[in-house]
Amino acid sequence: MKYTYFPGCSLERNAAAYHISTLAVTQALGMELVEVEDWNCCGATEYVSLNLTASYALIARNLAQAAKNTETRELVAPCSACYLNLRKCDHYMAQSPALAEKVNQALAAGGLAYQGGTLRVRHLLDVIVSDIGCDAVAAKVTRPLKGLRIVPYYGCMIVRPGYAGQTAFDNVEQPTTLDTLLTALGAEVVPFSLKAACCGGHMTQISEATGFELIRRLVKAATDGGADLIAALCPMCQLNLDAFQGPMNKHCKTNYHMPVLYFTQLLGLALGMDAKPLGIGSELVDARPALAKIGVAVPLAEPAAAPKKPKRDDKSLPMPRMSGV
Amino acid sequence: MIERPRVGVYICHCGSNIAGVVDVAEVAQWAGGLPNVVISRDYKFMCSSLGQELIEKDIQESGVNRVVVASCSPHLHEPTFRNACARAGLNPYLFEMANIREQDSWVTSDKLEATKKAKALVAAAVSRVAHQDALNSLFVPIDPNVLVVGGGVTGIQAALEIANSGHQVYLVEREPSLGGHMAQFDKTFPTLDCSACILTPKMFDAGNHKNIQLLTWSEVEKVEGYIGNFTVTIRKRARYVDESKCNGCGVCQEKCPTKVVDEVFEAGLGYRKAVYVPFPQAVPKFPVIDRENCTFFKKGVCKICQKVCPTGAIDYEQQDTLMTVKVGNIILATGYDLFDARRIPQYGFGRLPNVFTSLEFERMTNAAGPTGGKVVMRDGVTQPKSVAIIHCVGSRDRNYHNYCSAICCMQSLKFAHLVGEKTGADVYQCYIDIRTPAKAYDEFYQRIIKEGVHFVRGKVAEVTDAARGPEEAGKTIVQVEDTLIGKQRRIPVDMVVLSAGLQARADAKEVGKKFGISCSADAWFIEKHPKLDPVATMTDGVFVAGACQGPKDIPASVAQGAAAAARVLSIIGQGQIEIEAATAIVDEESCVGCKECIASCPYTAIEFLEDKQKAHVVEALCKGCGTCVGTCLSKSIKLRHFTDEQLVAEMIGAMQTMKSFETVEV
């Protein structure tokens with residue numbers, strides 16, 4: 001099956017592991033992903049709140065680029081924010097001729113145009129569960145995740161686009177598709193009430209205490225549930241729970257250790273792939289103790305070389321002081 | 001010989017309802033100049049005796065032979081004026097009504113425009129009435145037997161009222177016993193009297209009444225006929241217990257080795273056997289074998305019940321039987337279903353062990369229920385120290401049901417009292433509004449407030465087990481915005497009760513279709529008039545009562561059961577009933593027998609005459625809706641009182657008038 005693929009900025013940086021594991025597992029499942037040519041940022045969560053029309057134009061440019069691939073109308077995004085933005089823009093352009101006209105005026109400057117409804121924007125999880133199907137996935141499992149207790153964590157964005165006339169692919173409050181997929185992989189799914197709760201988004205940058213509290217709740221609930229690790233499907237969620245788990249522990253005076261992997265990484269392991277090509281080892285909260293349960297050894301990542309301090313040149317001149325503005 | 005039409009026109013002021021906007025005197029004077037009009041008057045209240053006498057006098061003394069009254073909707077007073085005509089010796093179908101209130105004065109603010117519109121409507125009626133024909137109504141005899149469908153408290157009440165008056169009642173109940181939802185409850189609000197104590201005597205009376213034939217474990221399969229003359233086919237499902245032999249000793253139930261969760265009577269909170277009577281006071285006392293779960297029916301071996309039965313009443317060979325009864329009237333009292341709280345996953349029912357539905361809780365508090373009346377958590381032993389009751393689960397919620405379920409506030413207050421009485425636990429009521437509108441209800445609310453129950457005004461966002469700190473550990477946490485203090489609250493409790501709303505029976509639409517009545521968008525049965533005819537339906541002879549018509553508590557349901565019985569008795573008392581003469585008629589000359597009309601008729605009023613190969617309208621069934629007229633390909637069906645000629649005349653009357661105004665303005 002063919003899909004147009006929109007990786008998004010995160011997958012080129014902090015979520016590189018999500019990118020490479022996505023490419024590895026989709027290939028193994030017989031999906032053909034064709035990356036959108038010359039794509040740009042989706043605007044993440046902030047831009048929409050600043051300038052609606054301009055942000056829709058930004059997103060629509062990606063839709064217009066994606067629509068150039070005439071072999072399929074399915075556009076798949078692994079990042080929940082990209083997925084939500086692309087789908088929202090497609091929906092509102094189809095609903096509002098006034099918005100579509102303005103956006104298309106902007107796109108025309110680059111010789112592009114997009115008609116709402118042309119593409120079907122979907123999340124990677126939806127595609128794997130609905131198009132490939134959990135039974136087909138289960139048939140390909142060679143290393144069942146037996147004995148691994150996993151929390152299925154969806155985050156708040158993936159389940160939201162339930163616009164009138166369209167339904168989200170899963171229940172908004174208590175989604176179940178990832179549960180079903182993980183069960184098909186042989187894992188033990190931990191009942192988790194905070195499945196669709198917010199990870200904090202960018203709160204750590206705005207109000208540390210608020211952001212850390214949101215992260216703490218999730219990590220605490222997963223630990224209380226006796227989970228070995230959390231399966232995530234959004235780069236933002238993974239970043240918050242993984243990279244900010246240490247600072248959160250420090251702030252809250254707690255000592256949690258809850259690894260967070262992308263569901264594609266777990267899927268890859270179940271399909272018999274090695275850990276390294278799936279990007280495992282790049283997470284900050286060490287997943288090795290958990291993965292040892294299923295006999296997966298993860299080679300230690302080479303410690304990144306400490307950035308060289310620029311040599312101080314005594315002859316250098318002082319920088320001018322900035323006063324006032 | 002066709003008499004020359006002599007039309008009398010009467011413009012009603014309706015106090016200031018019409019006269020406040022329409023210049024009635026001007027309309028009356030103007031109408032006097034219309035063709036065929038011999039008398040034109042305006043009068044303060046045409047529906048008063050004096051107003052009616054005005055019409056009668058003109059018919060008798062001035063030779064008026066067609067009458068037009070311009071007043072309110074025909075729904076209200078068409079029968080009034082038709083009767084006035086009839087009293088004066090004029091055929092009532094030579095009367096026509098122009099609605100200048102609902103369709104004019106109430107919806108038009110500009111006085112000049114309103115007066116113009118009134119003229120147009122009057123002209124239309126005057127033009128139409130000249131083409132109307134005298135019609136004779138049909139009278140059909142009434143079979144005095146009555147069918148009551150549903151053996152809950154409403155159906156029981158209706159059946160008893162009719163049976164006590166000496167008429168035969170067939171009382172059909174789908175479940176093995178009478179009792180309905182009321183039999184599941186322990187206490188009833190606001191008096192807290194014992195539900196079983198007030199219900200079981202009625203159940204016993206209904207089960208033993210000489211005029212009531214009780215058909216439990218049965219369902220209505222087919223309904224044919226019309227008011228006064230229904231033929232109803234009832235399927236009596238096999239009980240596998242011979243009622244003529246069984247003495248109700250209960251040994252079979254005791255010895256049966258198969259235990260299953262009772263999803264119906266115990267609301268999923270308790271067990272029953274594969275051969276069972278749902279509860280000790282069941283009427284009739286005979287058990288049924290649940291074929292799905294019975295080991296003998298599943299595997300071919302067991303037969304323990306047969307071995308232990310002292311009277312040899314177990315009969316595995318029993319088959320469903322179909323019986324046909326003739327009745328003149330039908331009362332539907334089929335009740336409600338509880339809203340399925342699993343549809344709101346954030347409230348955790350089915351996921352979090354200590355979240356219960358209201359019906360589960362009713363069974364829990366019932367002394368004859370699965371816990372013997374103890375309020376305990378899902379482990380079956382631990383008493384809760386704190387309980388939250390969530391109102392409006394599935395009701396007043398645009399994601400589920402927009403309507404208010406009417407009983408949940410009072411039910412929740414009752415629960416709060418019972419929890420306090422039985423456990424002393426802290427009780428939190430999370431409500432949107434407290435609605436206590438009936439007699440002694442608000443006093444009950446005041447009493448519960450005094451008992452120290454915490455009231456939190458706010459719609460609960462979620463119920464979760466994800467504890468944020470040690471004070472929440474192991475608890476079920478209710479997250480709610482307390483809108484009175486303007487703060488988000490997290491209330492950790494041991495038990496949560498969801499006051500789930502009422503919804504129409506899952507098969508209500510199907511049942512409605514079977515009996516020829518319609519359902520609202522929410523699938524409640526639609527009554528004929530919400531205020532003035534609340535238990536009748538648009539299908540004569542079919543009545544609705546209780547919660548199948550909309551959410552209702554016990555007093556209102558019982559009142560409706562009795563009201564429906566009274567309506568039925570009044571019809572039986574008349575002996576025969578007049579049928580509206582505005583029915584369709586087939587011109588057999590041109591009918592080609594294509595049967596299109598038969599498929600189109602919503603009242604199954606058209607039959608096919610096999611010998612003539614022609615369609616034929618059964619007048620007693622026809623409601624005069626005209627669907628067949630539009631469907632007929634050979635234009636062979638005419639609707640009496642709504643003929644093309646009459647309708648065209650009406651339109652021409654209105655349009656000519658409107659046109660004349662245009663010319664004047666130019």
# chains A, B, ... in the order shown; residues from 1 in each chain; ligands from 1
>>> residues_around(residues="Ser499 in chain B", least_positions_apart="5", cutoff="6 Å", atoms="only C-alpha atoms", output="list in words")
Ser358, Ile390, His391, Val393 and Cys408 of chain B
>>> write_last_selection(atoms="C-alpha atoms", output="PDB file, in the first residue's frame")
ATOM      1  CA  SER B 358     -28.009   3.584  39.606  1.00  0.00           C
ATOM      2  CA  ILE B 390     -22.925  11.742  39.755  1.00  0.00           C
ATOM      3  CA  HIS B 391     -26.087  13.228  38.266  1.00  0.00           C
ATOM      4  CA  VAL B 393     -25.085  10.640  33.286  1.00  0.00           C
ATOM      5  CA  CYS B 408     -32.412  11.066  38.597  1.00  0.00           C
TER       6      CYS B 408
END
>>> interface_residues(of="chain B", to="chain A", cutoff="7 Å", atoms="only C-alpha atoms", output="list in words")
Pro345, Gln346, Thr464, Asp465, Ala466, Ala467 and Arg468 of chain B
>>> atom_distance(atom1="CA of Ile491 in chain B", atom2="CA of Lys422 in chain B")
21.3 Å
>>> select_by_dssp(residues="range 483-597 of chain B", states="alpha helix (DSSP H)", output="PyMOL selection string")
chain B and resi 508-515+554-574+596-597
>>> residues_around(residues="Gly201 in chain A", least_positions_apart="5", cutoff="10 Å", atoms="only C-alpha atoms", output="CSV table (one decimal) with C-alpha atoms, in the first residue's frame")
chain,number,residue,atom,x,y,z
A,45,THR,CA,1.0,24.1,18.6
A,155,GLY,CA,-1.5,11.8,24.5
A,156,CYS,CA,-4.2,14.4,23.9
A,206,ILE,CA,6.5,28.4,30.3
A,211,GLY,CA,4.9,21.1,33.3
A,214,LEU,CA,1.8,17.0,34.5
A,215,ILE,CA,4.7,14.8,33.7
A,236,MET,CA,6.2,15.8,22.2
A,237,CYS,CA,5.0,13.2,24.7
A,239,LEU,CA,10.3,14.2,24.9
A,240,ASN,CA,8.5,15.3,28.0
>>> residues_around(residues="range 157-163 of chain B", least_positions_apart="3", cutoff="9 Å", atoms="only C-alpha atoms", output="VMD selection string")
chain B and resid 146 to 148 151 to 154 166 to 171 202 205 to 206 209 to 212 331 333 545 558 to 566 568 to 569
>>> write_last_selection(atoms="N, CA and C atoms", output="compact mmCIF listing (two decimals), in the first residue's frame")
# COMPACT_ATOMS: atom_id res chain seq x y z
N VAL B 146 -59.46 -5.66 25.94
CA VAL B 146 -58.35 -4.71 25.86
C VAL B 146 -57.01 -5.45 25.97
N LEU B 147 -56.05 -4.98 25.18
CA LEU B 147 -54.69 -5.52 25.29
C LEU B 147 -53.82 -4.50 26.02
N VAL B 148 -53.11 -4.95 27.06
CA VAL B 148 -52.14 -4.08 27.74
C VAL B 148 -50.77 -4.71 27.52
N GLY B 151 -45.86 -5.24 31.71
CA GLY B 151 -46.37 -5.58 33.04
C GLY B 151 -45.65 -4.90 34.16
N GLY B 152 -45.16 -3.68 33.91
CA GLY B 152 -44.60 -2.87 35.00
C GLY B 152 -45.75 -2.22 35.75
N VAL B 153 -45.42 -1.29 36.62
CA VAL B 153 -46.47 -0.72 37.46
C VAL B 153 -47.52 0.01 36.62
N THR B 154 -47.11 0.61 35.51
CA THR B 154 -48.07 1.33 34.66
C THR B 154 -49.06 0.36 34.03
N GLY B 166 -65.01 -4.74 34.71
CA GLY B 166 -65.73 -5.89 34.18
C GLY B 166 -65.34 -6.30 32.77
N HIS B 167 -64.29 -5.67 32.23
CA HIS B 167 -63.89 -6.04 30.87
C HIS B 167 -62.67 -6.93 30.87
N GLN B 168 -62.57 -7.75 29.84
CA GLN B 168 -61.47 -8.70 29.72
C GLN B 168 -60.19 -7.98 29.30
N VAL B 169 -59.07 -8.29 29.99
CA VAL B 169 -57.77 -7.70 29.65
C VAL B 169 -56.77 -8.80 29.34
N TYR B 170 -56.01 -8.63 28.28
CA TYR B 170 -54.86 -9.50 28.03
C TYR B 170 -53.63 -8.69 28.42
N LEU B 171 -52.90 -9.13 29.43
CA LEU B 171 -51.72 -8.40 29.91
C LEU B 171 -50.47 -9.15 29.47
N LYS B 202 -50.42 -5.32 44.14
CA LYS B 202 -50.98 -5.03 42.82
C LYS B 202 -50.63 -6.15 41.85
N ASP B 205 -52.86 -9.04 42.59
CA ASP B 205 -54.22 -8.77 42.08
C ASP B 205 -54.29 -8.99 40.58
N ALA B 206 -53.28 -8.45 39.88
CA ALA B 206 -53.30 -8.57 38.42
C ALA B 206 -53.15 -10.04 38.01
N HIS B 209 -56.64 -11.89 38.88
CA HIS B 209 -57.93 -11.28 38.55
C HIS B 209 -58.68 -12.13 37.54
N LYS B 210 -59.99 -12.29 37.78
CA LYS B 210 -60.73 -13.17 36.87
C LYS B 210 -60.83 -12.57 35.47
N ASN B 211 -60.69 -11.28 35.37
CA ASN B 211 -60.81 -10.65 34.04
C ASN B 211 -59.47 -10.39 33.37
N ILE B 212 -58.37 -10.79 34.02
CA ILE B 212 -57.07 -10.56 33.39
C ILE B 212 -56.46 -11.88 32.98
N ILE B 331 -53.25 -0.64 25.07
CA ILE B 331 -52.45 0.30 25.87
C ILE B 331 -51.01 -0.19 25.87
N ALA B 333 -47.45 0.09 27.53
CA ALA B 333 -46.76 0.57 28.75
C ALA B 333 -45.45 -0.19 28.82
N ALA B 545 -48.73 4.83 27.88
CA ALA B 545 -48.72 5.26 29.28
C ALA B 545 -47.38 4.95 29.89
N VAL B 558 -48.12 5.78 37.12
CA VAL B 558 -49.37 5.17 37.57
C VAL B 558 -50.55 6.03 37.12
N ALA B 559 -50.39 7.36 37.23
CA ALA B 559 -51.47 8.26 36.80
C ALA B 559 -51.77 8.05 35.32
N GLN B 560 -50.72 7.91 34.52
CA GLN B 560 -50.95 7.70 33.09
C GLN B 560 -51.57 6.34 32.81
N GLY B 561 -51.17 5.34 33.57
CA GLY B 561 -51.77 4.01 33.39
C GLY B 561 -53.27 4.09 33.61
N ALA B 562 -53.65 4.78 34.70
CA ALA B 562 -55.07 4.92 35.01
C ALA B 562 -55.77 5.80 33.98
N ALA B 563 -55.06 6.85 33.52
CA ALA B 563 -55.65 7.75 32.52
C ALA B 563 -55.93 7.01 31.22
N ALA B 564 -54.97 6.18 30.80
CA ALA B 564 -55.16 5.43 29.56
C ALA B 564 -56.35 4.49 29.71
N ALA B 565 -56.45 3.88 30.91
CA ALA B 565 -57.58 2.97 31.16
C ALA B 565 -58.90 3.74 31.06
N ALA B 566 -58.91 4.96 31.63
CA ALA B 566 -60.14 5.77 31.59
C ALA B 566 -60.52 6.09 30.16
N VAL B 568 -59.81 4.36 27.52
CA VAL B 568 -60.28 3.14 26.89
C VAL B 568 -61.71 2.84 27.34
N LEU B 569 -61.95 2.98 28.66
CA LEU B 569 -63.30 2.68 29.17
C LEU B 569 -64.34 3.62 28.56
>>> residues_around(residues="range 315-330 of chain B", least_positions_apart="3", cutoff="7 Å", atoms="only C-alpha atoms", output="list of chain:residue names")
B:Ile142, B:Asp143, B:Pro144, B:Asn145, B:Val146, B:Leu147, B:Val148, B:Ile227, B:Gly228, B:Asn229, B:Phe230, B:Thr231, B:Val232, B:Thr233, B:Ile234, B:Arg235, B:Lys236, B:Arg237, B:Ala238, B:Tyr240, B:Val241, B:Asp242, B:Gly541, B:Val542, B:Phe543, B:Val568
>>> write_last_selection(atoms="N, CA and C atoms", output="PDB file, in the first residue's frame")
ATOM      1  N   ILE B 142     -67.272  -1.353  18.975  1.00  0.00           N
ATOM      2  CA  ILE B 142     -66.058  -1.492  19.785  1.00  0.00           C
ATOM      3  C   ILE B 142     -66.054  -2.852  20.477  1.00  0.00           C
ATOM      4  N   ASP B 143     -65.002  -3.603  20.240  1.00  0.00           N
ATOM      5  CA  ASP B 143     -64.817  -4.852  20.990  1.00  0.00           C
ATOM      6  C   ASP B 143     -64.384  -4.457  22.400  1.00  0.00           C
ATOM      7  N   PRO B 144     -65.080  -4.929  23.445  1.00  0.00           N
ATOM      8  CA  PRO B 144     -64.759  -4.452  24.799  1.00  0.00           C
ATOM      9  C   PRO B 144     -63.477  -5.032  25.391  1.00  0.00           C
ATOM     10  N   ASN B 145     -62.863  -6.018  24.749  1.00  0.00           N
ATOM     11  CA  ASN B 145     -61.622  -6.572  25.296  1.00  0.00           C
ATOM     12  C   ASN B 145     -60.461  -5.617  25.040  1.00  0.00           C
ATOM     13  N   VAL B 146     -59.461  -5.658  25.939  1.00  0.00           N
ATOM     14  CA  VAL B 146     -58.349  -4.708  25.862  1.00  0.00           C
ATOM     15  C   VAL B 146     -57.013  -5.448  25.969  1.00  0.00           C
ATOM     16  N   LEU B 147     -56.048  -4.977  25.185  1.00  0.00           N
ATOM     17  CA  LEU B 147     -54.690  -5.517  25.287  1.00  0.00           C
ATOM     18  C   LEU B 147     -53.822  -4.498  26.022  1.00  0.00           C
ATOM     19  N   VAL B 148     -53.113  -4.950  27.061  1.00  0.00           N
ATOM     20  CA  VAL B 148     -52.136  -4.081  27.735  1.00  0.00           C
ATOM     21  C   VAL B 148     -50.766  -4.708  27.524  1.00  0.00           C
ATOM     22  N   ILE B 227     -59.296   0.638  15.415  1.00  0.00           N
ATOM     23  CA  ILE B 227     -59.983   0.866  16.685  1.00  0.00           C
ATOM     24  C   ILE B 227     -61.288   0.063  16.752  1.00  0.00           C
ATOM     25  N   GLY B 228     -61.450  -0.597  17.877  1.00  0.00           N
ATOM     26  CA  GLY B 228     -62.652  -1.396  18.068  1.00  0.00           C
ATOM     27  C   GLY B 228     -62.511  -2.815  17.582  1.00  0.00           C
ATOM     28  N   ASN B 229     -61.583  -3.027  16.659  1.00  0.00           N
ATOM     29  CA  ASN B 229     -61.493  -4.337  16.007  1.00  0.00           C
ATOM     30  C   ASN B 229     -60.056  -4.742  15.696  1.00  0.00           C
ATOM     31  N   PHE B 230     -59.232  -4.816  16.689  1.00  0.00           N
ATOM     32  CA  PHE B 230     -57.856  -5.271  16.459  1.00  0.00           C
ATOM     33  C   PHE B 230     -57.785  -6.790  16.578  1.00  0.00           C
ATOM     34  N   THR B 231     -56.946  -7.390  15.741  1.00  0.00           N
ATOM     35  CA  THR B 231     -56.616  -8.804  15.892  1.00  0.00           C
ATOM     36  C   THR B 231     -55.131  -8.862  16.203  1.00  0.00           C
ATOM     37  N   VAL B 232     -54.786  -9.401  17.360  1.00  0.00           N
ATOM     38  CA  VAL B 232     -53.404  -9.360  17.827  1.00  0.00           C
ATOM     39  C   VAL B 232     -52.868 -10.782  17.962  1.00  0.00           C
ATOM     40  N   THR B 233     -51.683 -11.011  17.377  1.00  0.00           N
ATOM     41  CA  THR B 233     -51.044 -12.314  17.511  1.00  0.00           C
ATOM     42  C   THR B 233     -49.958 -12.203  18.567  1.00  0.00           C
ATOM     43  N   ILE B 234     -49.997 -13.082  19.549  1.00  0.00           N
ATOM     44  CA  ILE B 234     -49.044 -13.042  20.665  1.00  0.00           C
ATOM     45  C   ILE B 234     -48.231 -14.335  20.671  1.00  0.00           C
ATOM     46  N   ARG B 235     -46.906 -14.148  20.768  1.00  0.00           N
ATOM     47  CA  ARG B 235     -46.048 -15.336  20.888  1.00  0.00           C
ATOM     48  C   ARG B 235     -45.785 -15.612  22.366  1.00  0.00           C
ATOM     49  N   LYS B 236     -46.240 -16.782  22.783  1.00  0.00           N
ATOM     50  CA  LYS B 236     -45.979 -17.220  24.157  1.00  0.00           C
ATOM     51  C   LYS B 236     -44.739 -18.088  24.094  1.00  0.00           C
ATOM     52  N   ARG B 237     -43.619 -17.560  24.594  1.00  0.00           N
ATOM     53  CA  ARG B 237     -42.380 -18.328  24.467  1.00  0.00           C
ATOM     54  C   ARG B 237     -42.393 -19.537  25.392  1.00  0.00           C
ATOM     55  N   ALA B 238     -41.680 -20.576  24.936  1.00  0.00           N
ATOM     56  CA  ALA B 238     -41.651 -21.810  25.718  1.00  0.00           C
ATOM     57  C   ALA B 238     -40.955 -21.554  27.048  1.00  0.00           C
ATOM     58  N   TYR B 240     -40.597 -24.128  29.169  1.00  0.00           N
ATOM     59  CA  TYR B 240     -40.102 -25.484  29.478  1.00  0.00           C
ATOM     60  C   TYR B 240     -40.563 -25.921  30.860  1.00  0.00           C
ATOM     61  N   VAL B 241     -41.608 -25.259  31.334  1.00  0.00           N
ATOM     62  CA  VAL B 241     -42.219 -25.622  32.602  1.00  0.00           C
ATOM     63  C   VAL B 241     -43.722 -25.634  32.358  1.00  0.00           C
ATOM     64  N   ASP B 242     -44.330 -26.734  32.680  1.00  0.00           N
ATOM     65  CA  ASP B 242     -45.771 -26.872  32.449  1.00  0.00           C
ATOM     66  C   ASP B 242     -46.515 -26.127  33.557  1.00  0.00           C
ATOM     67  N   GLY B 541     -57.396   4.146  19.159  1.00  0.00           N
ATOM     68  CA  GLY B 541     -57.470   2.830  19.794  1.00  0.00           C
ATOM     69  C   GLY B 541     -56.149   2.343  20.346  1.00  0.00           C
ATOM     70  N   VAL B 542     -55.056   3.090  20.065  1.00  0.00           N
ATOM     71  CA  VAL B 542     -53.762   2.723  20.640  1.00  0.00           C
ATOM     72  C   VAL B 542     -53.345   3.840  21.586  1.00  0.00           C
ATOM     73  N   PHE B 543     -53.123   3.474  22.851  1.00  0.00           N
ATOM     74  CA  PHE B 543     -52.768   4.454  23.876  1.00  0.00           C
ATOM     75  C   PHE B 543     -51.384   4.146  24.436  1.00  0.00           C
ATOM     76  N   VAL B 568     -59.811   4.362  27.521  1.00  0.00           N
ATOM     77  CA  VAL B 568     -60.285   3.136  26.885  1.00  0.00           C
ATOM     78  C   VAL B 568     -61.712   2.838  27.344  1.00  0.00           C
TER      79      VAL B 568
END
>>> residues_around(residues="Ala500 in chain B", least_positions_apart="4", cutoff="7 Å", atoms="only C-alpha atoms", output="ChimeraX atom specification")
/B:338-339,341,357-358,392-394
>>> residues_around(residues="Gly30 in chain A", least_positions_apart="4", cutoff="9 Å", atoms="only C-alpha atoms", output="JSON, numbers by chain")
{"A": [1, 25, 26, 132]}
>>> closest_residue(among="A:Ala60, A:Val103, A:Leu29, A:Cys79", to="Thr118 in chain A", atoms="only C-alpha atoms")
A:Ala60
>>> closest_residue(among="A:Lys195, A:His91, A:Leu241, A:Pro307", to="Thr176 in chain A", atoms="only C-alpha atoms")
A:Lys195
>>> atom_distance(atom1="CA of Phe244 in chain A", atom2="CA of Arg149 in chain A")
22.0 Å
>>> atom_distance(atom1="CA of Pro289 in chain A", atom2="CA of Ile128 in chain A")
27.8 Å
>>> select_by_dssp(residues="range 145-191 of chain A", states="strand (DSSP E)", output="list of chain:residue names")
A:Arg149, A:Ile150, A:Val151, A:Pro152, A:Glu188, A:Val189
>>> write_last_selection(atoms="N, CA and C atoms", output="mmCIF file, in the first residue's frame")
data_model
loop_
_atom_site.group_PDB
_atom_site.id
_atom_site.type_symbol
_atom_site.label_atom_id
_atom_site.label_comp_id
_atom_site.auth_asym_id
_atom_site.auth_seq_id
_atom_site.Cartn_x
_atom_site.Cartn_y
_atom_site.Cartn_z
ATOM 1 N N ARG A 149 5.403 -5.418 30.579
ATOM 2 C CA ARG A 149 4.183 -4.695 30.960
ATOM 3 C C ARG A 149 4.283 -3.261 30.426
ATOM 4 N N ILE A 150 3.408 -2.961 29.497
ATOM 5 C CA ILE A 150 3.533 -1.681 28.794
ATOM 6 C C ILE A 150 2.301 -0.797 29.026
ATOM 7 N N VAL A 151 2.554 0.476 29.258
ATOM 8 C CA VAL A 151 1.473 1.463 29.340
ATOM 9 C C VAL A 151 1.250 2.041 27.947
ATOM 10 N N PRO A 152 0.033 1.932 27.405
ATOM 11 C CA PRO A 152 -0.242 2.550 26.109
ATOM 12 C C PRO A 152 -0.578 4.021 26.325
ATOM 13 N N GLU A 188 1.932 -7.277 27.707
ATOM 14 C CA GLU A 188 0.841 -7.188 28.661
ATOM 15 C C GLU A 188 0.506 -5.705 28.807
ATOM 16 N N VAL A 189 -0.712 -5.344 28.458
ATOM 17 C CA VAL A 189 -1.081 -3.930 28.489
ATOM 18 C C VAL A 189 -1.544 -3.550 29.893
#
